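Asker: Got upload.cif for you, mmCIF, C-alpha atoms:
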```cif
data_coords
loop_
_atom_site.label_atom_id
_atom_site.label_comp_id
_atom_site.auth_asym_id
_atom_site.auth_seq_id
_atom_site.Cartn_x
_atom_site.Cartn_y
_atom_site.Cartn_z
CA MET N 1 14.84 -3.20 21.56
CA ASN N 2 16.34 -4.43 18.29
CA GLU N 3 16.52 -7.87 16.75
CA ARG N 4 19.66 -9.93 17.19
CA THR N 5 20.68 -13.40 16.03
CA ALA N 6 19.95 -16.24 18.41
CA PHE N 7 22.15 -19.27 18.94
CA SER N 8 21.15 -22.23 16.77
CA ALA N 9 22.93 -25.17 15.21
CA ALA N 10 22.22 -27.42 12.25
CA GLY N 11 19.53 -29.88 13.22
CA ILE N 12 20.49 -32.95 11.15
CA PRO N 13 23.74 -33.75 13.03
CA VAL N 14 21.88 -33.31 16.32
CA VAL N 15 19.18 -35.74 15.18
CA ILE N 16 21.81 -38.31 14.26
CA GLY N 17 23.52 -37.89 17.64
CA LEU N 18 20.21 -38.24 19.48
CA LEU N 19 19.41 -41.41 17.54
CA LEU N 20 22.77 -42.89 18.55
CA LEU N 21 22.14 -41.98 22.19
CA ALA N 22 18.70 -43.59 21.98
CA ILE N 23 20.28 -46.77 20.61
CA VAL N 24 22.79 -46.76 23.47
CA ALA N 25 20.00 -46.24 25.98
CA GLY N 26 18.02 -49.13 24.53
CA SER N 27 21.06 -51.37 24.64
CA LEU N 28 21.68 -50.52 28.28
CA ILE N 29 18.10 -51.30 29.22
CA ILE N 30 18.04 -54.61 27.32
CA HIS N 31 21.48 -55.68 28.55
CA GLY N 32 20.66 -54.77 32.13
CA ALA N 33 17.36 -56.67 31.99
CA THR N 34 19.12 -59.81 30.77
CA THR N 35 22.10 -59.50 33.14
CA PRO N 36 21.05 -59.62 36.82
CA ALA N 37 24.60 -58.80 37.89
CA MET N 38 24.29 -55.26 36.45
CA PRO N 39 21.05 -53.82 37.90
CA MET N 40 22.10 -50.18 37.34
CA GLN N 41 22.25 -50.46 33.56
CA PRO N 42 18.46 -50.12 33.05
CA VAL N 43 18.51 -47.03 35.27
CA ALA N 44 21.34 -45.56 33.23
CA GLY N 45 19.42 -46.36 30.06
CA MET N 46 16.35 -44.53 31.36
CA VAL N 47 18.51 -41.53 32.28
CA VAL N 48 19.95 -41.47 28.76
CA PHE N 49 16.44 -41.71 27.30
CA GLY N 50 15.40 -38.75 29.45
CA LEU N 51 18.42 -36.79 28.23
CA VAL N 52 17.52 -37.59 24.60
CA ALA N 53 13.95 -36.42 25.14
CA PHE N 54 15.14 -33.20 26.82
CA LEU N 55 17.67 -32.39 24.09
CA GLY N 56 15.05 -33.22 21.44
CA LYS N 57 12.96 -30.29 22.69
CA GLY N 58 15.59 -27.99 21.20
CA LEU N 59 14.81 -29.09 17.64
CA PHE N 60 12.68 -26.71 15.58
CA GLN N 61 12.01 -25.74 11.97
CA VAL N 62 12.41 -22.37 10.30
CA GLN N 63 10.33 -21.91 7.16
CA PRO N 64 11.29 -19.56 4.30
CA ASN N 65 10.59 -15.92 5.17
CA GLN N 66 9.99 -16.74 8.81
CA GLY N 67 11.80 -15.94 12.02
CA GLN N 68 11.75 -17.96 15.24
CA LEU N 69 11.84 -15.52 18.15
CA MET N 70 13.36 -17.08 21.29
CA GLN N 71 13.07 -16.25 24.96
CA LEU N 72 14.86 -17.65 27.98
CA PHE N 73 12.62 -17.42 31.07
CA GLY N 74 10.99 -14.28 29.67
CA LYS N 75 14.21 -12.61 28.48
CA TYR N 76 14.67 -12.03 24.78
CA ALA N 77 17.44 -14.34 23.53
CA GLY N 78 17.40 -13.57 19.80
CA THR N 79 15.78 -14.59 16.53
CA ALA N 80 16.75 -17.45 14.22
CA ARG N 81 16.22 -16.84 10.50
CA ILE N 82 18.29 -19.65 8.96
CA GLU N 83 15.92 -21.96 7.09
CA GLY N 84 15.61 -25.66 7.73
CA LEU N 85 15.88 -27.94 10.76
CA ARG N 86 17.75 -26.24 13.60
CA TRP N 87 18.63 -26.97 17.21
CA THR N 88 19.01 -24.57 20.11
CA ASN N 89 18.90 -24.42 23.89
CA PRO N 90 15.99 -26.65 25.03
CA PHE N 91 15.11 -24.08 27.69
CA TYR N 92 14.30 -21.51 25.02
CA SER N 93 10.64 -20.82 24.32
CA ARG N 94 10.02 -20.08 20.64
CA ARG N 95 7.48 -18.01 18.74
CA PRO N 96 7.26 -17.96 14.93
CA VAL N 97 6.98 -14.53 13.30
CA SER N 98 6.13 -14.28 9.62
CA LEU N 99 8.44 -12.10 7.52
CA ARG N 100 6.34 -12.47 4.37
CA VAL N 101 4.87 -9.51 2.52
CA ARG N 102 1.26 -8.91 3.53
CA ASN N 103 -1.46 -6.54 2.40
CA PHE N 104 -4.82 -5.42 3.64
CA GLU N 105 -7.50 -2.95 2.61
CA SER N 106 -8.75 -0.50 5.18
CA GLY N 107 -12.42 0.11 5.69
CA ARG N 108 -14.09 3.06 3.99
CA LEU N 109 -13.63 6.11 6.18
CA LYS N 110 -15.90 9.13 6.06
CA VAL N 111 -13.81 12.28 6.58
CA ASN N 112 -13.79 15.94 5.56
CA ASP N 113 -11.26 17.02 2.97
CA LYS N 114 -9.25 20.25 3.15
CA ASN N 115 -12.25 22.26 1.93
CA GLY N 116 -14.58 20.68 4.47
CA ASN N 117 -16.41 18.47 1.98
CA PRO N 118 -17.38 15.03 3.36
CA ILE N 119 -15.74 12.24 1.35
CA GLU N 120 -15.36 8.46 1.53
CA ILE N 121 -11.84 7.10 1.26
CA ALA N 122 -10.09 3.73 1.66
CA SER N 123 -6.56 2.47 1.07
CA VAL N 124 -4.57 -0.68 0.35
CA VAL N 125 -1.32 -1.13 2.29
CA VAL N 126 1.46 -3.62 1.49
CA TRP N 127 3.78 -4.26 4.45
CA GLN N 128 6.09 -6.74 6.12
CA VAL N 129 7.88 -7.26 9.44
CA VAL N 130 11.58 -6.36 9.30
CA ASP N 131 12.44 -6.46 13.02
CA THR N 132 10.85 -9.31 14.95
CA ALA N 133 11.90 -8.03 18.37
CA GLU N 134 10.24 -4.64 17.89
CA ALA N 135 7.15 -6.22 16.36
CA VAL N 136 6.60 -8.57 19.30
CA PHE N 137 7.88 -6.60 22.30
CA CYS N 138 7.38 -2.90 21.42
CA VAL N 139 3.66 -3.13 20.65
CA ASP N 140 0.95 -5.37 22.05
CA ASP N 141 -0.42 -6.70 18.74
CA TYR N 142 1.55 -5.54 15.73
CA GLU N 143 -1.07 -6.60 13.15
CA ASN N 144 -3.82 -4.64 14.90
CA PHE N 145 -1.35 -1.78 15.38
CA VAL N 146 -0.73 -1.65 11.62
CA HIS N 147 -4.46 -1.51 10.88
CA ILE N 148 -5.24 1.24 13.38
CA GLN N 149 -2.26 3.42 12.49
CA THR N 150 -3.02 3.06 8.79
CA GLU N 151 -6.54 4.36 9.27
CA SER N 152 -5.22 7.21 11.40
CA ALA N 153 -2.67 8.21 8.74
CA LEU N 154 -5.28 7.92 5.99
CA ARG N 155 -7.67 10.17 7.89
CA GLN N 156 -5.01 12.81 8.49
CA MET N 157 -3.80 12.69 4.89
CA ALA N 158 -7.33 13.11 3.52
CA GLN N 159 -7.79 16.23 5.64
CA SER N 160 -4.62 17.75 4.16
CA TYR N 161 -5.82 17.78 0.53
CA ALA N 162 -8.92 18.84 -1.32
CA TYR N 163 -10.89 16.22 -3.21
CA ASP N 164 -10.50 18.22 -6.41
CA THR N 165 -9.09 21.65 -7.31
CA HIS N 166 -9.46 23.95 -10.28
CA ASP N 167 -5.83 25.06 -10.04
CA ASP N 168 -3.61 22.64 -11.97
CA GLY N 169 -0.64 23.39 -9.72
CA THR N 170 -2.39 22.48 -6.46
CA PRO N 171 -2.28 18.78 -5.48
CA SER N 172 -5.63 17.10 -4.91
CA LEU N 173 -6.78 13.63 -3.97
CA ARG N 174 -8.30 12.95 -7.37
CA SER N 175 -5.70 14.38 -9.73
CA HIS N 176 -2.30 13.78 -8.09
CA GLY N 177 -2.35 10.04 -7.42
CA ASP N 178 1.39 9.40 -7.20
CA GLU N 179 2.06 12.31 -4.87
CA ILE N 180 -0.88 11.41 -2.63
CA ASN N 181 0.12 7.73 -2.45
CA ASN N 182 3.73 8.60 -1.58
CA HIS N 183 2.54 10.97 1.13
CA LEU N 184 0.27 8.28 2.54
CA ARG N 185 3.05 5.69 2.54
CA ASP N 186 5.44 8.06 4.35
CA GLN N 187 2.79 8.91 6.95
CA ILE N 188 2.06 5.24 7.66
CA GLU N 189 5.71 4.22 7.76
CA ALA N 190 6.52 7.01 10.23
CA ARG N 191 3.87 5.63 12.58
CA LEU N 192 5.01 2.00 12.22
CA GLN N 193 8.75 2.42 12.76
CA LYS N 194 8.42 1.58 16.46
CA ALA N 195 6.66 -1.69 15.52
CA GLY N 196 9.46 -3.05 13.33
CA VAL N 197 7.28 -2.86 10.22
CA GLN N 198 8.21 -1.59 6.77
CA VAL N 199 5.57 -0.19 4.42
CA ILE N 200 6.30 -1.28 0.85
CA GLU N 201 3.37 0.41 -0.85
CA ALA N 202 0.27 2.37 0.08
CA ARG N 203 -2.35 3.60 -2.36
CA ILE N 204 -5.91 4.86 -2.35
CA SER N 205 -8.36 2.14 -3.35
CA HIS N 206 -11.62 4.08 -3.03
CA LEU N 207 -12.35 7.78 -3.29
CA ALA N 208 -15.77 9.40 -3.64
CA TYR N 209 -17.87 12.20 -2.27
CA ALA N 210 -20.18 11.26 0.58
CA GLN N 211 -23.72 10.38 -0.51
CA GLU N 212 -25.30 13.52 0.90
CA ILE N 213 -23.29 15.80 -1.42
CA ALA N 214 -22.44 13.44 -4.28
CA GLN N 215 -25.21 14.70 -6.60
CA ALA N 216 -24.41 18.37 -5.99
CA MET N 217 -20.69 17.79 -6.56
CA LEU N 218 -21.44 15.87 -9.75
CA GLN N 219 -23.40 18.81 -11.09
CA ARG N 220 -20.55 21.13 -10.18
CA GLN N 221 -18.03 18.89 -11.96
CA GLN N 222 -20.26 18.77 -15.03
CA ALA N 223 -20.61 22.55 -15.01
CA SER N 224 -16.85 22.96 -14.66
CA ALA N 225 -16.30 20.58 -17.56
CA ILE N 226 -18.79 22.46 -19.73
CA VAL N 227 -17.16 25.82 -18.93
CA ALA N 228 -13.71 24.42 -19.66
CA ALA N 229 -14.89 22.93 -22.96
CA ARG N 230 -16.60 26.19 -23.98
CA SER N 231 -13.45 28.12 -23.20
CA ARG N 232 -11.41 25.86 -25.47
CA ILE N 233 -14.03 26.12 -28.21
CA VAL N 234 -14.15 29.92 -28.05
CA GLU N 235 -10.36 30.13 -27.97
CA GLY N 236 -10.10 27.95 -31.06
CA ALA N 237 -12.92 29.78 -32.84
CA VAL N 238 -11.32 33.18 -32.31
CA GLY N 239 -8.06 31.87 -33.70
CA MET N 240 -9.80 30.45 -36.77
CA VAL N 241 -11.68 33.73 -37.41
CA ALA N 242 -8.47 35.73 -37.13
CA MET N 243 -6.71 33.32 -39.51
CA ALA N 244 -9.60 33.56 -42.02
CA LEU N 245 -9.52 37.36 -42.03
CA ASP N 246 -5.73 37.38 -42.43
CA GLN N 247 -5.89 34.96 -45.35
CA LEU N 248 -8.60 37.01 -47.09
CA ARG N 249 -6.53 40.17 -46.66
CA LEU N 250 -3.24 38.64 -47.78
CA GLN N 251 -4.66 36.92 -50.85
CA GLY N 252 -6.81 39.91 -51.82
CA VAL N 253 -9.94 37.82 -52.22
CA VAL N 254 -12.27 40.55 -51.03
CA GLU N 255 -11.99 43.91 -49.30
CA LEU N 256 -14.16 44.22 -46.21
CA ASP N 257 -14.92 47.34 -44.27
CA GLU N 258 -15.17 47.30 -40.49
CA GLU N 259 -18.91 46.71 -40.48
CA ARG N 260 -18.67 43.71 -42.81
CA LYS N 261 -15.75 42.35 -40.88
CA ALA N 262 -17.84 42.51 -37.70
CA ALA N 263 -20.70 40.72 -39.44
CA MET N 264 -18.35 38.04 -40.77
CA VAL N 265 -16.79 37.55 -37.35
CA SER N 266 -20.25 37.21 -35.80
CA ASN N 267 -21.34 34.64 -38.38
CA LEU N 268 -18.16 32.59 -38.07
CA LEU N 269 -18.36 32.55 -34.26
CA VAL N 270 -21.98 31.40 -34.44
CA VAL N 271 -21.00 28.58 -36.80
CA LEU N 272 -17.93 27.50 -34.82
CA CYS N 273 -19.33 27.86 -31.28
CA GLY N 274 -22.92 26.71 -31.82
CA ASP N 275 -24.21 23.44 -30.35
CA ARG N 276 -26.34 22.68 -33.40
CA SER N 277 -25.56 22.57 -37.08
CA THR N 278 -26.20 25.92 -38.81
CA GLN N 279 -28.63 26.54 -41.64
CA PRO N 280 -26.94 28.34 -44.56
CA VAL N 281 -28.58 31.46 -46.03
CA VAL N 282 -27.86 32.22 -49.70
CA ASN N 283 -27.46 35.93 -50.41
CA THR N 284 -28.66 36.58 -54.00
CA GLY N 285 -28.05 40.28 -53.83
CA THR N 286 -24.87 42.31 -53.56
CA LEU N 287 -22.44 42.27 -50.70
CA TYR N 288 -24.12 45.34 -49.19
CA GLY N 289 -27.72 44.57 -50.15
#
```
Translate this file's structure into structure tokens.
Answerer:
Amino acid sequence: MNERTAFSAAGIPVVIGLLLLAIVAGSLIIHGATTPAMPMQPVAGMVVFGLVAFLGKGLFQVQPNQGQLMQLFGKYAGTARIEGLRWTNPFYSRRPVSLRVRNFESGRLKVNDKNGNPIEIASVVVWQVVDTAEAVFCVDDYENFVHIQTESALRQMAQSYAYDTHDDGTPSLRSHGDEINNHLRDQIEARLQKAGVQVIEARISHLAYAQEIAQAMLQRQQASAIVAARSRIVEGAVGMVAMALDQLRLQGVVELDEERKAAMVSNLLVVLCGDRSTQPVVNTGTLYG
């Protein structure tokens, strides 16, 4: 079932016409009451008043970014989206459906990531109704449907990625935000197509390890950071030692045998890689003494 345009006319001309009919009906009633020779005029006036009241039921308002879904004895008749005062078949029953952009934040879900680690995750979803007929007739409660399907998609997405990875090329929940958010949006939108809902944006609003493993994972992250930092420090130190030896050799400052080169490399690495400041030792003897 897809949305279609319902019959509706501009409401202002209808209001003017109904006012004129009401004036005519009042005139008939007053004239008939004052003229005994015309007893049917008050009856005609009452009939006209009844017709005005019946036709007046067809007047309705359409607010900006709103659709008025109409049914005729239970059958879908269409949706009116033209803003302002409108008039339609008085037999139509009407139901307003908001077309405005909405957002909601899901509750924090506790799931296992790809590696089996328990994590807590939540998301924010921005959505709007684009097909009023599907939203009302294809699902029982489209707002509740959006909430439940969002949590289902979030749970499945979280199980498809690891919380964090040591391989830079592998997507993870923590490091590849744009890719994860796009995947989440696509998963939610695929589930909501039958409800006439479009997902504008979906993003993770909360991500953390579950409390029972949070401390252990923090220690692992700290250890990984320390190892990575040490690796960079050693890499830079080796480069600096090699550059120092090359400069000494090219400029002919001093000639070092292999043993002295090894000692110099050891001292430089201690200085460059040490956590604490070094204490210099002044050699007052010769280079070999």
Asker: Assuming the chain letters and numbering stay as they are in my file, what does the PyMOL selection byres ((chain N and resi 192-205) around 10) actually select? List them as an NGL selection string.
Answerer: :N and (1-3 or 99 or 101-106 or 108 or 121-143 or 145-146 or 149-150 or 154 or 173-174 or 177-178 or 180-191 or 206-207)
Asker: For N:Thr79, find every residue with an atom within 8 Å (counting only C-alpha atoms), except residues of its own chain fewer than 6 positions away, and show them as a PyMOL selection string.
Answerer: chain N and resi 3-6+67-70+132-133
Asker: Which residues are near stretch 42-55 of chain N? Cut-off 8 Å, only C-alpha atoms, ignore same chain within fewer than 6 positions. Put them as number ranges by chain.
Answerer: N: 18, 21-22, 24-33, 90
Asker: Looking at all atoms listed in the file, which of N:Ala162, N:Gly56, N:Pro171, N:Met157 is the one that sits closest to N:Gly17?
Answerer: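 So, comparing all the options, the nearest one is N:Gly56.
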Asker: Find the distance between atom CA of N:Gln61 and atom CA of N:Leu85 and write it in Å to one decimal.
Answerer: 4.6 Å
Asker: Please provide as a list of chain:residue names all residues within 8 Å of N:Asn89, with the sequence filter that same-chain residues fewer than 4 positions apart are discarded (counting all atoms listed in the file).
Answerer: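 Neighbouring residues, sequence-local ones excluded: N:Phe7, N:Ser8, N:Gly58.
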Asker: By how many Å are atom CA of N:Tyr209 and atom CA of N:Ser175 apart?
Answerer: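 Pair atom CA of N:Tyr209 / atom CA of N:Ser175 returns 14.4 Å.
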Asker: Please work out which residues fall within 12 Å of (-3.7, 16.6, 10.4), coordinates as given in the file, with only C-alpha atoms counting, and return them as a count of residues only.
Answerer: 15
